[in-house]
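Listing of run-v9.pdb; format and content: PDB, C-alpha atoms, pLDDT in the B column.
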```pdb
ATOM      1  CA  MET A 538      23.351  -3.587   5.604  1.00 87.00           C
ATOM      2  CA  ILE A 539      20.361  -4.438   7.806  1.00 92.00           C
ATOM      3  CA  ALA A 540      18.683  -1.101   7.058  1.00 92.00           C
ATOM      4  CA  GLN A 541      19.206  -1.576   3.330  1.00 93.00           C
ATOM      5  CA  THR A 542      17.750  -5.088   3.440  1.00 94.00           C
ATOM      6  CA  LEU A 543      14.706  -3.889   5.355  1.00 95.00           C
ATOM      7  CA  LEU A 544      14.094  -1.017   2.944  1.00 95.00           C
ATOM      8  CA  LEU A 545      14.986  -2.646  -0.342  1.00 94.00           C
ATOM      9  CA  VAL A 546      13.837  -6.233   0.249  1.00 95.00           C
ATOM     10  CA  ILE A 547      11.446  -6.595   3.195  1.00 97.00           C
ATOM     11  CA  PHE A 548       9.410  -3.413   2.607  1.00 97.00           C
ATOM     12  CA  PRO A 549       8.812  -4.123  -1.131  1.00 97.00           C
ATOM     13  CA  LEU A 550       8.154  -7.808  -0.414  1.00 98.00           C
ATOM     14  CA  LEU A 551       5.468  -6.914   2.117  1.00 98.00           C
ATOM     15  CA  LEU A 552       3.930  -4.458  -0.377  1.00 98.00           C
ATOM     16  CA  VAL A 553       3.794  -7.098  -3.095  1.00 98.00           C
ATOM     17  CA  LEU A 554       2.314  -9.559  -0.611  1.00 98.00           C
ATOM     18  CA  ALA A 555      -0.388  -7.038   0.381  1.00 98.00           C
ATOM     19  CA  ALA A 556      -1.237  -6.313  -3.264  1.00 97.00           C
ATOM     20  CA  GLY A 557      -1.384  -9.991  -4.179  1.00 96.00           C
ATOM     21  CA  TRP A 558      -3.498 -10.858  -1.175  1.00 96.00           C
ATOM     22  CA  ASP A 559      -5.924  -8.035  -1.928  1.00 95.00           C
ATOM     23  CA  LEU A 560      -6.106  -9.044  -5.589  1.00 93.00           C
ATOM     24  CA  SER A 561      -6.934 -12.647  -4.778  1.00 92.00           C
ATOM     25  CA  SER A 562      -9.218 -12.194  -1.764  1.00 92.00           C
ATOM     26  CA  PHE A 563     -10.198  -8.505  -1.459  1.00 92.00           C
ATOM     27  CA  THR A 564      -8.676  -8.521   2.003  1.00 94.00           C
ATOM     28  CA  ILE A 565      -5.374  -7.410   3.484  1.00 97.00           C
ATOM     29  CA  PRO A 566      -4.461  -9.297   6.647  1.00 97.00           C
ATOM     30  CA  ASN A 567      -3.595  -7.203   9.705  1.00 97.00           C
ATOM     31  CA  THR A 568      -0.395  -9.234   9.909  1.00 98.00           C
ATOM     32  CA  ILE A 569       0.990  -7.461   6.850  1.00 98.00           C
ATOM     33  CA  SER A 570       0.414  -3.997   8.320  1.00 98.00           C
ATOM     34  CA  ILE A 571       1.856  -5.118  11.653  1.00 98.00           C
ATOM     35  CA  CYS A 572       4.940  -6.508   9.892  1.00 98.00           C
ATOM     36  CA  LEU A 573       5.346  -3.220   8.008  1.00 98.00           C
ATOM     37  CA  ILE A 574       5.247  -1.285  11.285  1.00 98.00           C
ATOM     38  CA  ALA A 575       7.687  -3.674  12.991  1.00 98.00           C
ATOM     39  CA  ALA A 576      10.021  -3.569   9.987  1.00 98.00           C
ATOM     40  CA  PHE A 577       9.971   0.243  10.097  1.00 98.00           C
ATOM     41  CA  ALA A 578      10.905   0.206  13.786  1.00 98.00           C
ATOM     42  CA  ALA A 579      13.810  -2.143  12.997  1.00 97.00           C
ATOM     43  CA  PHE A 580      14.820   0.049  10.054  1.00 96.00           C
ATOM     44  CA  ALA A 581      14.772   3.211  12.175  1.00 96.00           C
ATOM     45  CA  MET A 582      17.057   1.572  14.736  1.00 95.00           C
ATOM     46  CA  ALA A 583      19.387   0.031  12.156  1.00 94.00           C
ATOM     47  CA  ALA A 584      19.638   3.263  10.165  1.00 93.00           C
ATOM     48  CA  GLY A 585      20.237   5.340  13.299  1.00 92.00           C
ATOM     49  CA  MET A 586      17.342   7.674  12.575  1.00 94.00           C
ATOM     50  CA  ALA A 587      17.149  10.710  14.837  1.00 95.00           C
ATOM     51  CA  PRO A 588      14.152  10.835  17.217  1.00 97.00           C
ATOM     52  CA  ALA A 589      12.829  13.963  15.477  1.00 97.00           C
ATOM     53  CA  VAL A 590      12.888  12.195  12.102  1.00 95.00           C
ATOM     54  CA  ILE A 591      11.107   9.194  13.583  1.00 97.00           C
ATOM     55  CA  GLY A 592       8.541  11.632  14.994  1.00 97.00           C
ATOM     56  CA  TRP A 593       7.821  13.028  11.519  1.00 96.00           C
ATOM     57  CA  HIS A 594       7.342   9.511  10.207  1.00 97.00           C
ATOM     58  CA  LEU A 595       4.981   8.732  13.073  1.00 97.00           C
ATOM     59  CA  LEU A 596       3.045  11.924  12.324  1.00 97.00           C
ATOM     60  CA  ALA A 597       2.672  10.845   8.694  1.00 97.00           C
ATOM     61  CA  GLY A 598       1.381   7.459   9.813  1.00 97.00           C
ATOM     62  CA  PHE A 599      -1.152   8.995  12.209  1.00 97.00           C
ATOM     63  CA  ILE A 600      -2.389  11.518   9.641  1.00 97.00           C
ATOM     64  CA  ALA A 601      -2.783   8.718   7.100  1.00 97.00           C
ATOM     65  CA  LEU A 602      -4.587   6.570   9.660  1.00 97.00           C
ATOM     66  CA  ALA A 603      -7.037   9.368  10.526  1.00 97.00           C
ATOM     67  CA  ALA A 604      -7.698  10.169   6.862  1.00 96.00           C
ATOM     68  CA  SER A 605      -8.048   6.555   5.771  1.00 95.00           C
ATOM     69  CA  PHE A 606     -10.331   5.607   8.650  1.00 95.00           C
ATOM     70  CA  THR A 607     -12.509   8.576   7.746  1.00 96.00           C
ATOM     71  CA  LEU A 608     -12.712   7.155   4.216  1.00 93.00           C
ATOM     72  CA  PHE A 609     -13.439   3.735   5.716  1.00 93.00           C
ATOM     73  CA  ALA A 610     -16.244   5.164   7.870  1.00 95.00           C
ATOM     74  CA  LEU A 611     -17.738   6.804   4.776  1.00 94.00           C
ATOM     75  CA  GLY A 612     -17.590   3.489   2.902  1.00 89.00           C
ATOM     76  CA  TYR A 613     -14.967   4.497   0.344  1.00 86.00           C
ATOM     77  CA  PHE A 614     -12.117   2.398   1.698  1.00 87.00           C
ATOM     78  CA  GLY A 615     -11.780  -1.042   3.242  1.00 91.00           C
ATOM     79  CA  GLY A 616     -10.391  -1.472   6.750  1.00 93.00           C
ATOM     80  CA  GLY A 617      -7.344  -3.359   5.482  1.00 95.00           C
ATOM     81  CA  ASP A 618      -6.696  -0.591   2.965  1.00 96.00           C
ATOM     82  CA  ALA A 619      -6.856   2.014   5.748  1.00 96.00           C
ATOM     83  CA  LYS A 620      -4.325   0.168   7.889  1.00 97.00           C
ATOM     84  CA  LEU A 621      -2.039  -0.521   4.933  1.00 98.00           C
ATOM     85  CA  PHE A 622      -2.138   3.154   3.884  1.00 98.00           C
ATOM     86  CA  ALA A 623      -1.107   4.216   7.397  1.00 98.00           C
ATOM     87  CA  ALA A 624       1.686   1.622   7.633  1.00 98.00           C
ATOM     88  CA  ILE A 625       3.084   2.692   4.257  1.00 98.00           C
ATOM     89  CA  ALA A 626       2.838   6.380   5.217  1.00 98.00           C
ATOM     90  CA  LEU A 627       4.861   5.566   8.343  1.00 98.00           C
ATOM     91  CA  TRP A 628       7.635   4.266   6.089  1.00 98.00           C
ATOM     92  CA  LEU A 629       7.507   7.079   3.546  1.00 97.00           C
ATOM     93  CA  GLY A 630       7.281   9.907   6.057  1.00 95.00           C
ATOM     94  CA  PHE A 631       5.651  13.296   6.222  1.00 93.00           C
ATOM     95  CA  ASN A 632       7.580  14.819   3.305  1.00 93.00           C
ATOM     96  CA  SER A 633       6.415  12.042   0.974  1.00 96.00           C
ATOM     97  CA  LEU A 634       2.821  11.845   2.209  1.00 96.00           C
ATOM     98  CA  LEU A 635       1.301  14.205  -0.367  1.00 96.00           C
ATOM     99  CA  PRO A 636       3.165  12.783  -3.409  1.00 97.00           C
ATOM    100  CA  TYR A 637       2.315   9.268  -2.197  1.00 97.00           C
ATOM    101  CA  THR A 638      -1.358  10.138  -1.839  1.00 96.00           C
ATOM    102  CA  LEU A 639      -1.382  11.592  -5.348  1.00 97.00           C
ATOM    103  CA  LEU A 640       0.274   8.480  -6.805  1.00 97.00           C
ATOM    104  CA  VAL A 641      -2.227   6.255  -4.993  1.00 97.00           C
ATOM    105  CA  ALA A 642      -5.124   8.313  -6.352  1.00 96.00           C
ATOM    106  CA  ILE A 643      -3.798   8.020  -9.900  1.00 97.00           C
ATOM    107  CA  ALA A 644      -3.032   4.300  -9.574  1.00 97.00           C
ATOM    108  CA  GLY A 645      -6.379   3.651  -7.871  1.00 95.00           C
ATOM    109  CA  GLY A 646      -8.253   5.521 -10.579  1.00 96.00           C
ATOM    110  CA  ALA A 647      -6.442   3.609 -13.315  1.00 97.00           C
ATOM    111  CA  LEU A 648      -7.117   0.321 -11.517  1.00 95.00           C
ATOM    112  CA  ALA A 649     -10.796   1.126 -11.027  1.00 93.00           C
ATOM    113  CA  LEU A 650     -11.238   2.195 -14.647  1.00 95.00           C
ATOM    114  CA  THR A 651      -9.448  -0.911 -15.905  1.00 93.00           C
ATOM    115  CA  LEU A 652     -11.588  -3.215 -13.779  1.00 91.00           C
ATOM    116  CA  LEU A 653     -14.816  -1.432 -14.694  1.00 91.00           C
ATOM    117  CA  LEU A 654     -14.005  -1.783 -18.389  1.00 92.00           C
ATOM    118  CA  ALA A 655     -12.838  -5.408 -18.036  1.00 89.00           C
ATOM    119  CA  ARG A 656     -16.015  -6.299 -16.171  1.00 87.00           C
ATOM    120  CA  ARG A 657     -18.056  -5.296 -19.224  1.00 91.00           C
ATOM    121  CA  ILE A 658     -16.388  -8.041 -21.277  1.00 89.00           C
ATOM    122  CA  PRO A 659     -17.576 -11.625 -20.753  1.00 88.00           C
ATOM    123  CA  LEU A 660     -15.068 -13.719 -18.862  1.00 85.00           C
ATOM    124  CA  PRO A 661     -13.720 -16.693 -20.851  1.00 87.00           C
ATOM    125  CA  ALA A 662     -14.595 -20.071 -19.334  1.00 82.00           C
ATOM    126  CA  THR A 663     -10.938 -20.933 -18.731  1.00 84.00           C
ATOM    127  CA  LEU A 664     -10.587 -17.860 -16.515  1.00 83.00           C
ATOM    128  CA  ALA A 665     -14.037 -18.189 -14.934  1.00 79.00           C
ATOM    129  CA  SER A 666     -13.001 -21.534 -13.466  1.00 82.00           C
ATOM    130  CA  HIS A 667     -10.674 -19.667 -11.083  1.00 82.00           C
ATOM    131  CA  SER A 668     -12.770 -18.368  -8.194  1.00 85.00           C
ATOM    132  CA  TRP A 669     -10.560 -15.357  -7.465  1.00 86.00           C
ATOM    133  CA  ILE A 670     -10.713 -14.218 -11.107  1.00 82.00           C
ATOM    134  CA  SER A 671     -14.493 -14.659 -11.166  1.00 82.00           C
ATOM    135  CA  HIS A 672     -14.749 -12.632  -7.969  1.00 81.00           C
ATOM    136  CA  LEU A 673     -12.480  -9.921  -9.394  1.00 82.00           C
ATOM    137  CA  HIS A 674     -14.567  -9.820 -12.588  1.00 83.00           C
ATOM    138  CA  ASP A 675     -17.883  -9.628 -10.716  1.00 80.00           C
ATOM    139  CA  SER A 676     -19.419  -6.170 -11.113  1.00 81.00           C
ATOM    140  CA  LYS A 677     -20.690  -6.369  -7.524  1.00 83.00           C
ATOM    141  CA  SER A 678     -17.128  -6.719  -6.223  1.00 83.00           C
ATOM    142  CA  GLY A 679     -15.172  -3.740  -5.058  1.00 87.00           C
ATOM    143  CA  ILE A 680     -11.759  -2.574  -6.158  1.00 90.00           C
ATOM    144  CA  PRO A 681      -8.675  -4.117  -4.512  1.00 94.00           C
ATOM    145  CA  TYR A 682      -7.031  -0.789  -3.651  1.00 95.00           C
ATOM    146  CA  GLY A 683      -4.174  -2.557  -1.889  1.00 96.00           C
ATOM    147  CA  ILE A 684      -2.716  -2.853  -5.377  1.00 96.00           C
ATOM    148  CA  ALA A 685      -2.760   0.943  -5.848  1.00 97.00           C
ATOM    149  CA  LEU A 686      -1.467   1.546  -2.314  1.00 98.00           C
ATOM    150  CA  SER A 687       1.472  -0.789  -2.893  1.00 98.00           C
ATOM    151  CA  ALA A 688       2.171   0.456  -6.425  1.00 98.00           C
ATOM    152  CA  GLY A 689       2.259   4.079  -5.267  1.00 98.00           C
ATOM    153  CA  ALA A 690       4.795   3.246  -2.563  1.00 98.00           C
ATOM    154  CA  LEU A 691       6.998   1.226  -4.901  1.00 97.00           C
ATOM    155  CA  ILE A 692       6.975   3.997  -7.506  1.00 97.00           C
ATOM    156  CA  LEU A 693       7.809   6.695  -4.955  1.00 97.00           C
ATOM    157  CA  LEU A 694      10.353   4.761  -2.877  1.00 96.00           C
ATOM    158  CA  PRO A 695      13.478   5.678  -4.921  1.00 95.00           C
ATOM    159  CA  GLN A 696      12.695   9.391  -4.467  1.00 94.00           C
ATOM    160  CA  THR A 697      12.290   9.245  -0.690  1.00 93.00           C
ATOM    161  CA  GLU A 698      14.588  10.454   2.047  1.00 88.00           C
ATOM    162  CA  LEU A 699      14.699   6.880   3.417  1.00 88.00           C
ATOM    163  CA  PHE A 700      16.065   5.621   0.141  1.00 88.00           C
ATOM    164  CA  ARG A 701      18.824   8.236   0.199  1.00 85.00           C
ATOM    165  CA  LEU A 702      19.546   7.359   3.839  1.00 79.00           C
ATOM    166  CA  ALA A 703      19.806   3.645   3.077  1.00 77.00           C
ATOM    167  CA  ALA A 704      21.967   4.363   0.026  1.00 72.00           C
ATOM    168  CA  GLY A 705      24.398   6.227   2.268  1.00 66.00           C
ATOM    169  CA  GLY A 706      23.866   9.728   1.095  1.00 51.00           C
TER     170      GLY A 706
END
```
Is it possible to express this structure as structure tokens?
Amino acid sequence: MIAQTLLLVIFPLLLVLAAGWDLSSFTIPNTISICLIAAFAAFAMAAGMAPAVIGWHLLAGFIALAASFTLFALGYFGGGDAKLFAAIALWLGFNSLLPYTLLVAIAGGALALTLLLARRIPLPATLASHSWISHLHDSKSGIPYGIALSAGALILLPQTELFRLAAGG
């Protein structure tokens, strides 16, 4: 029951929180990534995951961290995005890392294209009065990739080994 709650409630809730925070402020607090890591540790214990399986999940997290910090160093990714990507990869594991990365790329591309097109249209005054919407609409602003990172994880979650484990089979 605890493992199921962590996987099916806490994990998605933290993803939605990260996406919303990134959407409204273009930042993802470290606290969210730390909570994701702590929740995974609690999940692994509650689900009785074997040490070898935990090791594969850790490997996925470290590979994601190395890749995302490389993207951060090159200026393609924000620091919060890099940490969130690694924390999510820890949850999804090594076997889901490639499909997750592909889903994030597709979702990120769709998000970027949507924002680039929307930014070409003048913002109505009623929306411009909200600072976060004005910031999101500003062509000098970046892309809140935390949305794509979270969406990719939520889309993939039902196909993961963790989901089958939590479902009891």
> Mind telling me what the PyMOL selection byres ((chain A and resi 672) around 12) catches here, as a PyMOL selection string?
Replying inline: chain A and resi 559-563+652+656+660+664-671+673-681
Just the selected residues (C-alpha atoms), exported as a PDB file, keeping the file's coordinate frame, please.
```
ATOM      1  CA  ASP A 559      -5.924  -8.035  -1.928  1.00 95.00           C
ATOM      2  CA  LEU A 560      -6.106  -9.044  -5.589  1.00 93.00           C
ATOM      3  CA  SER A 561      -6.934 -12.647  -4.778  1.00 92.00           C
ATOM      4  CA  SER A 562      -9.218 -12.194  -1.764  1.00 92.00           C
ATOM      5  CA  PHE A 563     -10.198  -8.505  -1.459  1.00 92.00           C
ATOM      6  CA  LEU A 652     -11.588  -3.215 -13.779  1.00 91.00           C
ATOM      7  CA  ARG A 656     -16.015  -6.299 -16.171  1.00 87.00           C
ATOM      8  CA  LEU A 660     -15.068 -13.719 -18.862  1.00 85.00           C
ATOM      9  CA  LEU A 664     -10.587 -17.860 -16.515  1.00 83.00           C
ATOM     10  CA  ALA A 665     -14.037 -18.189 -14.934  1.00 79.00           C
ATOM     11  CA  SER A 666     -13.001 -21.534 -13.466  1.00 82.00           C
ATOM     12  CA  HIS A 667     -10.674 -19.667 -11.083  1.00 82.00           C
ATOM     13  CA  SER A 668     -12.770 -18.368  -8.194  1.00 85.00           C
ATOM     14  CA  TRP A 669     -10.560 -15.357  -7.465  1.00 86.00           C
ATOM     15  CA  ILE A 670     -10.713 -14.218 -11.107  1.00 82.00           C
ATOM     16  CA  SER A 671     -14.493 -14.659 -11.166  1.00 82.00           C
ATOM     17  CA  LEU A 673     -12.480  -9.921  -9.394  1.00 82.00           C
ATOM     18  CA  HIS A 674     -14.567  -9.820 -12.588  1.00 83.00           C
ATOM     19  CA  ASP A 675     -17.883  -9.628 -10.716  1.00 80.00           C
ATOM     20  CA  SER A 676     -19.419  -6.170 -11.113  1.00 81.00           C
ATOM     21  CA  LYS A 677     -20.690  -6.369  -7.524  1.00 83.00           C
ATOM     22  CA  SER A 678     -17.128  -6.719  -6.223  1.00 83.00           C
ATOM     23  CA  GLY A 679     -15.172  -3.740  -5.058  1.00 87.00           C
ATOM     24  CA  ILE A 680     -11.759  -2.574  -6.158  1.00 90.00           C
ATOM     25  CA  PRO A 681      -8.675  -4.117  -4.512  1.00 94.00           C
TER      26      PRO A 681
END
```
>> Report, in Å to a single decimal, how far apart CA of Gly617 (chain A) and CA of Asn567 (chain A) are.
In response: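 Answer for the CA of Asn567 (chain A) to CA of Gly617 (chain A) separation: 6.8 Å.
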>> Taking only C-alpha atoms into account, name the residue in A:Ala619, A:Leu611, A:Ala703, A:Ala556 that is nearest to Ala690 (chain A).
In response: A:Ala556
>> From the options A:Leu629, A:Ala604, A:Ala685, A:Leu654, which residue's atoms come nearest to Ala642 (chain A), counting all atoms listed in the file?
In response: A:Ala685
> Quick one, how far is CA of Thr564 (chain A) from CA of Leu635 (chain A)?
Replying inline: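 That distance, rounded to one decimal, is 24.9 Å.
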> Using all atoms listed in the file, which residue out of A:Leu693, A:Leu573, A:Ala644, A:Ile539 lies closest to Leu554 (chain A)?
Replying inline: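 Under the stated criterion, the closest residue is A:Leu573.
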> What gap, in Å, lies between CA of Phe580 (chain A) and CA of Trp628 (chain A)?
Replying inline: 9.2 Å
> Applied to the shown file, which residues does the PyMOL selection byres ((chain A and resi 618) around 9) return, written as a list in words?
Replying inline: Asp559, Thr564, Ile565, Ser605, Phe609, Phe614, Gly615, Gly616, Gly617, Ala619, Lys620, Leu621, Phe622, Ala623, Pro681, Tyr682, Gly683 and Leu686 of chain A
> Expanded to explicit residues, what is the PyMOL selection byres ((chain A and resi 694) around 12) for this file, as a ChimeraX atom specification?
Replying inline: /A:544-546,548-549,552,625-626,628-630,633-634,636-637,640,687-693,695-704
File of the preceding selection, C-alpha atoms, as a PDB file, keeping the file's coordinate frame:
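As written to disk, again-v1.pdb reads:
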```pdb
ATOM      1  CA  LEU A 544      14.094  -1.017   2.944  1.00 95.00           C
ATOM      2  CA  LEU A 545      14.986  -2.646  -0.342  1.00 94.00           C
ATOM      3  CA  VAL A 546      13.837  -6.233   0.249  1.00 95.00           C
ATOM      4  CA  PHE A 548       9.410  -3.413   2.607  1.00 97.00           C
ATOM      5  CA  PRO A 549       8.812  -4.123  -1.131  1.00 97.00           C
ATOM      6  CA  LEU A 552       3.930  -4.458  -0.377  1.00 98.00           C
ATOM      7  CA  ILE A 625       3.084   2.692   4.257  1.00 98.00           C
ATOM      8  CA  ALA A 626       2.838   6.380   5.217  1.00 98.00           C
ATOM      9  CA  TRP A 628       7.635   4.266   6.089  1.00 98.00           C
ATOM     10  CA  LEU A 629       7.507   7.079   3.546  1.00 97.00           C
ATOM     11  CA  GLY A 630       7.281   9.907   6.057  1.00 95.00           C
ATOM     12  CA  SER A 633       6.415  12.042   0.974  1.00 96.00           C
ATOM     13  CA  LEU A 634       2.821  11.845   2.209  1.00 96.00           C
ATOM     14  CA  PRO A 636       3.165  12.783  -3.409  1.00 97.00           C
ATOM     15  CA  TYR A 637       2.315   9.268  -2.197  1.00 97.00           C
ATOM     16  CA  LEU A 640       0.274   8.480  -6.805  1.00 97.00           C
ATOM     17  CA  SER A 687       1.472  -0.789  -2.893  1.00 98.00           C
ATOM     18  CA  ALA A 688       2.171   0.456  -6.425  1.00 98.00           C
ATOM     19  CA  GLY A 689       2.259   4.079  -5.267  1.00 98.00           C
ATOM     20  CA  ALA A 690       4.795   3.246  -2.563  1.00 98.00           C
ATOM     21  CA  LEU A 691       6.998   1.226  -4.901  1.00 97.00           C
ATOM     22  CA  ILE A 692       6.975   3.997  -7.506  1.00 97.00           C
ATOM     23  CA  LEU A 693       7.809   6.695  -4.955  1.00 97.00           C
ATOM     24  CA  PRO A 695      13.478   5.678  -4.921  1.00 95.00           C
ATOM     25  CA  GLN A 696      12.695   9.391  -4.467  1.00 94.00           C
ATOM     26  CA  THR A 697      12.290   9.245  -0.690  1.00 93.00           C
ATOM     27  CA  GLU A 698      14.588  10.454   2.047  1.00 88.00           C
ATOM     28  CA  LEU A 699      14.699   6.880   3.417  1.00 88.00           C
ATOM     29  CA  PHE A 700      16.065   5.621   0.141  1.00 88.00           C
ATOM     30  CA  ARG A 701      18.824   8.236   0.199  1.00 85.00           C
ATOM     31  CA  LEU A 702      19.546   7.359   3.839  1.00 79.00           C
ATOM     32  CA  ALA A 703      19.806   3.645   3.077  1.00 77.00           C
ATOM     33  CA  ALA A 704      21.967   4.363   0.026  1.00 72.00           C
TER      34      ALA A 704
END
```
>> Restricting the calculation to only C-alpha atoms: of A:Ile569, A:Ala603, A:Leu551, A:Ala540, which residue gets closest to Met582 (chain A)?
In response: A:Ala540
